[in-house]
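> Structure supplied as model_1.cif; contents: mmCIF, C-alpha atoms.
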data_my_file
#
loop_
_atom_site.group_PDB
_atom_site.id
_atom_site.type_symbol
_atom_site.label_atom_id
_atom_site.label_comp_id
_atom_site.auth_asym_id
_atom_site.auth_seq_id
_atom_site.Cartn_x
_atom_site.Cartn_y
_atom_site.Cartn_z
ATOM 1 C CA GLN A 1 -93.067 45.039 59.780
ATOM 2 C CA LEU A 2 -94.673 47.288 57.168
ATOM 3 C CA TYR A 3 -93.515 44.944 54.399
ATOM 4 C CA VAL A 4 -95.152 42.016 56.209
ATOM 5 C CA GLU A 5 -98.370 44.042 56.446
ATOM 6 C CA ALA A 6 -98.206 44.866 52.730
ATOM 7 C CA ILE A 7 -97.905 41.179 51.859
ATOM 8 C CA ASP A 8 -100.821 40.168 54.056
ATOM 9 C CA CYS A 9 -103.213 43.041 53.292
ATOM 10 C CA ASN A 10 -103.693 42.026 49.690
ATOM 11 C CA TYR A 11 -102.403 38.484 49.395
ATOM 12 C CA ASP A 12 -102.497 37.109 45.899
ATOM 13 C CA ILE A 13 -99.456 34.968 45.069
ATOM 14 C CA TYR A 14 -99.594 36.064 41.431
ATOM 15 C CA ASP A 15 -99.768 39.771 42.209
ATOM 16 C CA ASP A 16 -96.768 41.510 40.619
ATOM 17 C CA ASP A 17 -96.656 44.063 43.451
ATOM 18 C CA HIS A 18 -95.854 41.263 45.844
ATOM 19 C CA HIS A 19 -92.630 40.607 43.954
ATOM 20 C CA ASP A 20 -91.439 44.040 45.006
ATOM 21 C CA VAL A 21 -92.608 43.646 48.595
ATOM 22 C CA TYR A 22 -90.919 40.259 49.043
ATOM 23 C CA PHE A 23 -87.808 41.676 47.430
ATOM 24 C CA GLU A 24 -87.685 44.772 49.655
ATOM 25 C CA LEU A 25 -88.454 42.749 52.782
ATOM 26 C CA SER A 26 -85.524 40.460 52.011
ATOM 27 C CA TYR A 27 -83.215 43.478 51.844
ATOM 28 C CA ALA A 28 -84.584 44.792 55.129
ATOM 29 C CA LEU A 29 -83.411 41.600 56.891
ATOM 30 C CA ALA A 30 -79.912 41.289 58.280
ATOM 31 C CA VAL A 31 -77.817 38.232 57.415
ATOM 32 C CA GLY A 32 -79.334 35.213 59.166
ATOM 33 C CA GLU A 33 -82.392 37.160 60.320
ATOM 34 C CA THR A 34 -85.893 35.787 59.793
ATOM 35 C CA VAL A 35 -89.355 37.326 59.865
ATOM 36 C CA ASN A 36 -92.680 35.841 60.872
ATOM 37 C CA LEU A 37 -95.361 36.388 58.216
ATOM 38 C CA HIS A 38 -98.965 36.658 59.361
ATOM 39 C CA SER A 39 -99.574 33.213 57.910
ATOM 40 C CA GLY A 40 -97.273 31.897 60.636
ATOM 41 C CA ARG A 41 -94.423 31.068 58.254
ATOM 42 C CA LEU A 42 -90.964 31.952 59.487
ATOM 43 C CA VAL A 43 -88.900 33.006 56.462
ATOM 44 C CA GLY A 44 -85.429 34.305 55.713
ATOM 45 C CA LYS A 45 -83.852 35.975 52.714
ATOM 46 C CA LYS A 46 -83.748 32.812 50.582
ATOM 47 C CA GLU A 47 -87.438 32.089 51.061
ATOM 48 C CA LEU A 48 -88.376 35.693 50.347
ATOM 49 C CA PHE A 49 -86.413 35.743 47.084
ATOM 50 C CA ALA A 50 -88.044 32.420 46.125
ATOM 51 C CA GLU A 51 -91.471 33.966 46.817
ATOM 52 C CA ALA A 52 -90.536 36.984 44.680
ATOM 53 C CA ILE A 53 -89.686 34.619 41.813
ATOM 54 C CA GLY A 54 -93.019 32.860 42.298
ATOM 55 C CA CYS A 55 -94.852 36.177 41.977
ATOM 56 C CA ASP A 56 -93.003 37.167 38.823
ATOM 57 C CA PRO A 57 -90.619 34.609 37.295
ATOM 58 C CA GLY A 58 -89.499 37.138 34.692
ATOM 59 C CA LYS A 59 -87.690 39.393 37.172
ATOM 60 C CA CYS A 60 -83.998 38.639 36.822
ATOM 61 C CA ASN A 61 -82.941 40.449 39.986
ATOM 62 C CA ALA A 62 -84.650 37.931 42.302
ATOM 63 C CA TYR A 63 -82.751 34.990 40.771
ATOM 64 C CA ASP A 64 -79.484 36.843 41.062
ATOM 65 C CA SER A 65 -80.141 37.816 44.679
ATOM 66 C CA LEU A 66 -81.156 34.273 45.555
ATOM 67 C CA CYS A 67 -77.872 33.002 44.073
ATOM 68 C CA VAL A 68 -75.943 35.296 46.392
ATOM 69 C CA GLU A 69 -77.744 33.773 49.380
ATOM 70 C CA LEU A 70 -76.919 30.184 48.390
ATOM 71 C CA SER A 71 -73.678 28.725 49.641
ATOM 72 C CA GLN A 72 -71.484 26.680 47.305
ATOM 73 C CA GLY A 73 -73.224 23.402 46.425
ATOM 74 C CA GLN A 74 -76.507 24.426 48.052
ATOM 75 C CA THR A 75 -79.740 24.116 46.057
ATOM 76 C CA VAL A 76 -83.195 25.638 46.323
ATOM 77 C CA GLN A 77 -86.547 24.297 45.204
ATOM 78 C CA LEU A 78 -88.791 26.865 43.574
ATOM 79 C CA HIS A 79 -92.520 26.174 43.852
ATOM 80 C CA ALA A 80 -92.507 22.371 43.463
ATOM 81 C CA ARG A 81 -89.922 22.362 40.687
ATOM 82 C CA CYS A 82 -86.667 20.444 40.798
ATOM 83 C CA ALA A 83 -83.799 21.662 42.972
ATOM 84 C CA LEU A 84 -81.674 24.373 41.365
ATOM 85 C CA ASP A 85 -78.103 25.349 42.175
ATOM 86 C CA ARG A 86 -76.558 28.773 41.538
ATOM 87 C CA LYS A 87 -75.713 28.100 37.904
ATOM 88 C CA ARG A 88 -79.132 26.653 37.106
ATOM 89 C CA LEU A 89 -80.848 29.639 38.754
ATOM 90 C CA LEU A 90 -78.865 32.022 36.550
ATOM 91 C CA VAL A 91 -79.590 29.966 33.418
ATOM 92 C CA THR A 92 -83.283 30.172 34.354
ATOM 93 C CA ALA A 93 -83.007 33.941 34.837
ATOM 94 C CA ILE A 94 -81.503 34.236 31.344
ATOM 95 C CA ARG A 95 -84.316 32.107 29.890
ATOM 96 C CA TRP A 96 -86.915 34.497 31.349
ATOM 97 C CA ASP A 97 -84.925 37.653 30.550
ATOM 98 C CA PRO A 98 -82.295 37.181 27.815
ATOM 99 C CA ASP A 99 -81.226 40.833 28.257
ATOM 100 C CA CYS A 100 -80.309 40.443 31.942
ATOM 101 C CA SER A 101 -76.624 41.331 31.829
ATOM 102 C CA LYS A 102 -76.147 40.696 35.556
ATOM 103 C CA ALA A 103 -77.173 37.042 35.130
ATOM 104 C CA TYR A 104 -74.622 36.541 32.326
ATOM 105 C CA LEU A 105 -71.933 38.246 34.398
ATOM 106 C CA ASN A 106 -72.582 36.191 37.523
ATOM 107 C CA LEU A 107 -72.913 32.964 35.565
ATOM 108 C CA GLY A 108 -69.503 33.684 34.048
ATOM 109 C CA LYS A 109 -68.094 34.244 37.531
ATOM 110 C CA ALA A 110 -69.600 30.940 38.696
ATOM 111 C CA LEU A 111 -67.845 28.916 35.986
ATOM 112 C CA LYS A 112 -64.403 27.458 36.505
ATOM 113 C CA ALA A 113 -61.692 28.056 33.895
ATOM 114 C CA GLY A 114 -62.437 25.964 30.819
ATOM 115 C CA GLU A 115 -65.965 25.140 31.975
ATOM 116 C CA SER A 116 -68.995 25.975 29.841
ATOM 117 C CA VAL A 117 -72.726 25.954 30.414
ATOM 118 C CA CYS A 118 -75.632 25.097 28.150
ATOM 119 C CA LEU A 119 -78.293 27.795 28.108
ATOM 120 C CA ASP A 120 -81.924 26.854 27.596
ATOM 121 C CA ASP A 121 -81.742 28.124 24.000
ATOM 122 C CA GLY A 122 -79.097 25.448 23.274
ATOM 123 C CA ARG A 123 -76.022 27.703 23.205
ATOM 124 C CA MET A 124 -72.911 26.435 24.995
ATOM 125 C CA LEU A 125 -71.064 29.391 26.495
ATOM 126 C CA GLY A 126 -67.857 29.655 28.469
ATOM 127 C CA LYS A 127 -66.663 32.477 30.716
ATOM 128 C CA LYS A 128 -65.571 34.767 27.876
ATOM 129 C CA GLU A 129 -68.768 34.304 25.887
ATOM 130 C CA LEU A 130 -70.888 34.955 28.971
ATOM 131 C CA TYR A 131 -68.979 38.168 29.677
ATOM 132 C CA VAL A 132 -69.467 39.269 26.057
ATOM 133 C CA GLU A 133 -73.213 38.616 26.432
ATOM 134 C CA ALA A 134 -73.204 40.683 29.632
ATOM 135 C CA LEU A 135 -71.835 43.639 27.629
ATOM 136 C CA ARG A 136 -74.568 43.365 25.002
#
Show this structure as structure tokens.

Amino acid sequence: QLYVEAIDCNYDIYDDDHHDVYFELSYALAVGETVNLHSGRLVGKKELFAEAIGCDPGKCNAYDSLCVELSQGQTVQLHARCALDRKRLLVTAIRWDPDCSKAYLNLGKALKAGESVCLDDGRMLGKKELYVEALR
């Protein structure tokens, strides 16, 4: 409840502090649990991670955490953008933070053997190359 209060006391969607509050609130929820924000919105972990990304798109950890919440084949729409699946979320995280080793690692895990992915910088990387990037 304190996290909900922190969000509503100083609501500014572009406030970097809100990234942390949304993020912490999502971790305070149990699997499948939701919370009612003062705005009346009922949100779960996925929505909270999406809000954290909206507050600060450069924070890699929110993309990674959102990926964990998505089931195979499920997509999420971030603030009126196109629907993104797990792989696309991780590619986006890498675009915002090219040093985010966790995103490279989890993107490598998401690929099937022999599959590769095109990063936003134009590089085509397979599992091994993604793991090497994660070690950088």
> Would you mind listing what lies within 12 Å of Arg86 of chain A as a list in words, with all atoms listed in the file counted and same-chain residues fewer than 5 positions away left out?
Tyr63, Asp64, Ser65, Leu66, Cys67, Val68, Glu69, Leu70, Ser71, Gln72, Gly73, Gln74, Thr75, Val76, Gln77, Val91, Thr92, Ala93, Ala103, Asn106, Leu107, Gly108, Lys109, Ala110 and Leu111 of chain A
> Run the PyMOL selection byres ((chain A and resi 61) around 12) mentally over the shown coordinates, then write out the matched residues as an MDAnalysis selection string, using the chain letters and numbers from the document.
chainID A and resid 19:20 23:24 49:50 52:53 56:60 62:68 89:90 92:94 96:97 99:104 106
> Any idea what's packed within 8 Å of segment 41-47 of chain A, counting all atoms listed in the file, ignoring anything in its chain fewer than 3 positions away? Could you give it as a list in words?
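Counting only the stated atoms, we get Ser26, Tyr27, Leu29, Val31, Gly32, Glu33, Thr34, Val35, Asn36, Leu37, His38, Ala50, Glu51, Leu66, Glu69 and Leu70 of chain A.
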> Just give me the gap between atom CA of Ala83 of chain A and atom CA of Ala28 of chain A in Å, one decimal is fine.
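Atom CA of Ala83 of chain A sits 26.1 Å away from atom CA of Ala28 of chain A.
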> Quick one: axis-aligned box around all listed atoms of segment 125-129 of chain A, 8 Å on every side, centre and edge lengths in Å to one decimal, written as JSON.

{"center_x": -68.3, "center_y": 32.1, "center_z": 28.3, "size_x": 21.5, "size_y": 21.4, "size_z": 20.8}
> What is the distance, in Å and to one decimal place, between atom CA of Leu105 of chain A and atom CA of Leu119 of chain A?
13.8 Å
> Between atom CA of Pro98 of chain A and atom CA of Glu115 of chain A, what is the distance, to one decimal in Å?
20.7 Å
> Which is closer to Asp120 of chain A than all the others in A:Glu133, A:Lys87, A:Arg95, A:His79, using all atoms listed in the file?
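So, comparing all the options, the nearest one is A:Arg95.
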> Would you fill out segment 41-59 of chain A with N, CA and C atoms and return it as a PDB file, in the frame of the given file?

ATOM      1  N   ARG A  41     -95.679  31.543  58.842  1.00  0.00           N
ATOM      2  CA  ARG A  41     -94.423  31.068  58.254  1.00  0.00           C
ATOM      3  C   ARG A  41     -93.269  31.934  58.712  1.00  0.00           C
ATOM      4  N   LEU A  42     -92.204  31.277  59.125  1.00  0.00           N
ATOM      5  CA  LEU A  42     -90.964  31.952  59.487  1.00  0.00           C
ATOM      6  C   LEU A  42     -90.047  31.859  58.265  1.00  0.00           C
ATOM      7  N   VAL A  43     -89.673  33.002  57.701  1.00  0.00           N
ATOM      8  CA  VAL A  43     -88.900  33.006  56.462  1.00  0.00           C
ATOM      9  C   VAL A  43     -87.671  33.885  56.588  1.00  0.00           C
ATOM     10  N   GLY A  44     -86.650  33.524  55.817  1.00  0.00           N
ATOM     11  CA  GLY A  44     -85.429  34.305  55.713  1.00  0.00           C
ATOM     12  C   GLY A  44     -85.288  34.846  54.299  1.00  0.00           C
ATOM     13  N   LYS A  45     -84.114  35.366  54.019  1.00  0.00           N
ATOM     14  CA  LYS A  45     -83.852  35.975  52.714  1.00  0.00           C
ATOM     15  C   LYS A  45     -84.103  35.009  51.557  1.00  0.00           C
ATOM     16  N   LYS A  46     -83.589  33.779  51.676  1.00  0.00           N
ATOM     17  CA  LYS A  46     -83.748  32.812  50.582  1.00  0.00           C
ATOM     18  C   LYS A  46     -85.214  32.571  50.253  1.00  0.00           C
ATOM     19  N   GLU A  47     -86.012  32.357  51.285  1.00  0.00           N
ATOM     20  CA  GLU A  47     -87.438  32.089  51.061  1.00  0.00           C
ATOM     21  C   GLU A  47     -88.152  33.291  50.465  1.00  0.00           C
ATOM     22  N   LEU A  48     -87.761  34.484  50.886  1.00  0.00           N
ATOM     23  CA  LEU A  48     -88.376  35.693  50.347  1.00  0.00           C
ATOM     24  C   LEU A  48     -88.028  35.889  48.871  1.00  0.00           C
ATOM     25  N   PHE A  49     -86.778  35.639  48.501  1.00  0.00           N
ATOM     26  CA  PHE A  49     -86.413  35.743  47.084  1.00  0.00           C
ATOM     27  C   PHE A  49     -87.152  34.684  46.268  1.00  0.00           C
ATOM     28  N   ALA A  50     -87.299  33.481  46.817  1.00  0.00           N
ATOM     29  CA  ALA A  50     -88.044  32.420  46.125  1.00  0.00           C
ATOM     30  C   ALA A  50     -89.505  32.839  45.933  1.00  0.00           C
ATOM     31  N   GLU A  51     -90.099  33.468  46.941  1.00  0.00           N
ATOM     32  CA  GLU A  51     -91.471  33.966  46.817  1.00  0.00           C
ATOM     33  C   GLU A  51     -91.555  35.056  45.752  1.00  0.00           C
ATOM     34  N   ALA A  52     -90.558  35.930  45.700  1.00  0.00           N
ATOM     35  CA  ALA A  52     -90.536  36.984  44.680  1.00  0.00           C
ATOM     36  C   ALA A  52     -90.521  36.371  43.283  1.00  0.00           C
ATOM     37  N   ILE A  53     -89.739  35.311  43.109  1.00  0.00           N
ATOM     38  CA  ILE A  53     -89.686  34.619  41.813  1.00  0.00           C
ATOM     39  C   ILE A  53     -91.045  34.007  41.503  1.00  0.00           C
ATOM     40  N   GLY A  54     -91.696  33.439  42.507  1.00  0.00           N
ATOM     41  CA  GLY A  54     -93.019  32.860  42.298  1.00  0.00           C
ATOM     42  C   GLY A  54     -94.052  33.881  41.857  1.00  0.00           C
ATOM     43  N   CYS A  55     -93.927  35.105  42.353  1.00  0.00           N
ATOM     44  CA  CYS A  55     -94.852  36.177  41.977  1.00  0.00           C
ATOM     45  C   CYS A  55     -94.606  36.656  40.554  1.00  0.00           C
ATOM     46  N   ASP A  56     -93.348  36.700  40.166  1.00  0.00           N
ATOM     47  CA  ASP A  56     -93.003  37.167  38.823  1.00  0.00           C
ATOM     48  C   ASP A  56     -91.707  36.505  38.368  1.00  0.00           C
ATOM     49  N   PRO A  57     -91.824  35.345  37.709  1.00  0.00           N
ATOM     50  CA  PRO A  57     -90.619  34.609  37.295  1.00  0.00           C
ATOM     51  C   PRO A  57     -89.750  35.347  36.284  1.00  0.00           C
ATOM     52  N   GLY A  58     -90.261  36.404  35.691  1.00  0.00           N
ATOM     53  CA  GLY A  58     -89.499  37.138  34.692  1.00  0.00           C
ATOM     54  C   GLY A  58     -88.562  38.191  35.253  1.00  0.00           C
ATOM     55  N   LYS A  59     -88.542  38.369  36.564  1.00  0.00           N
ATOM     56  CA  LYS A  59     -87.690  39.393  37.172  1.00  0.00           C
ATOM     57  C   LYS A  59     -86.318  38.809  37.506  1.00  0.00           C
TER      58      LYS A  59
END
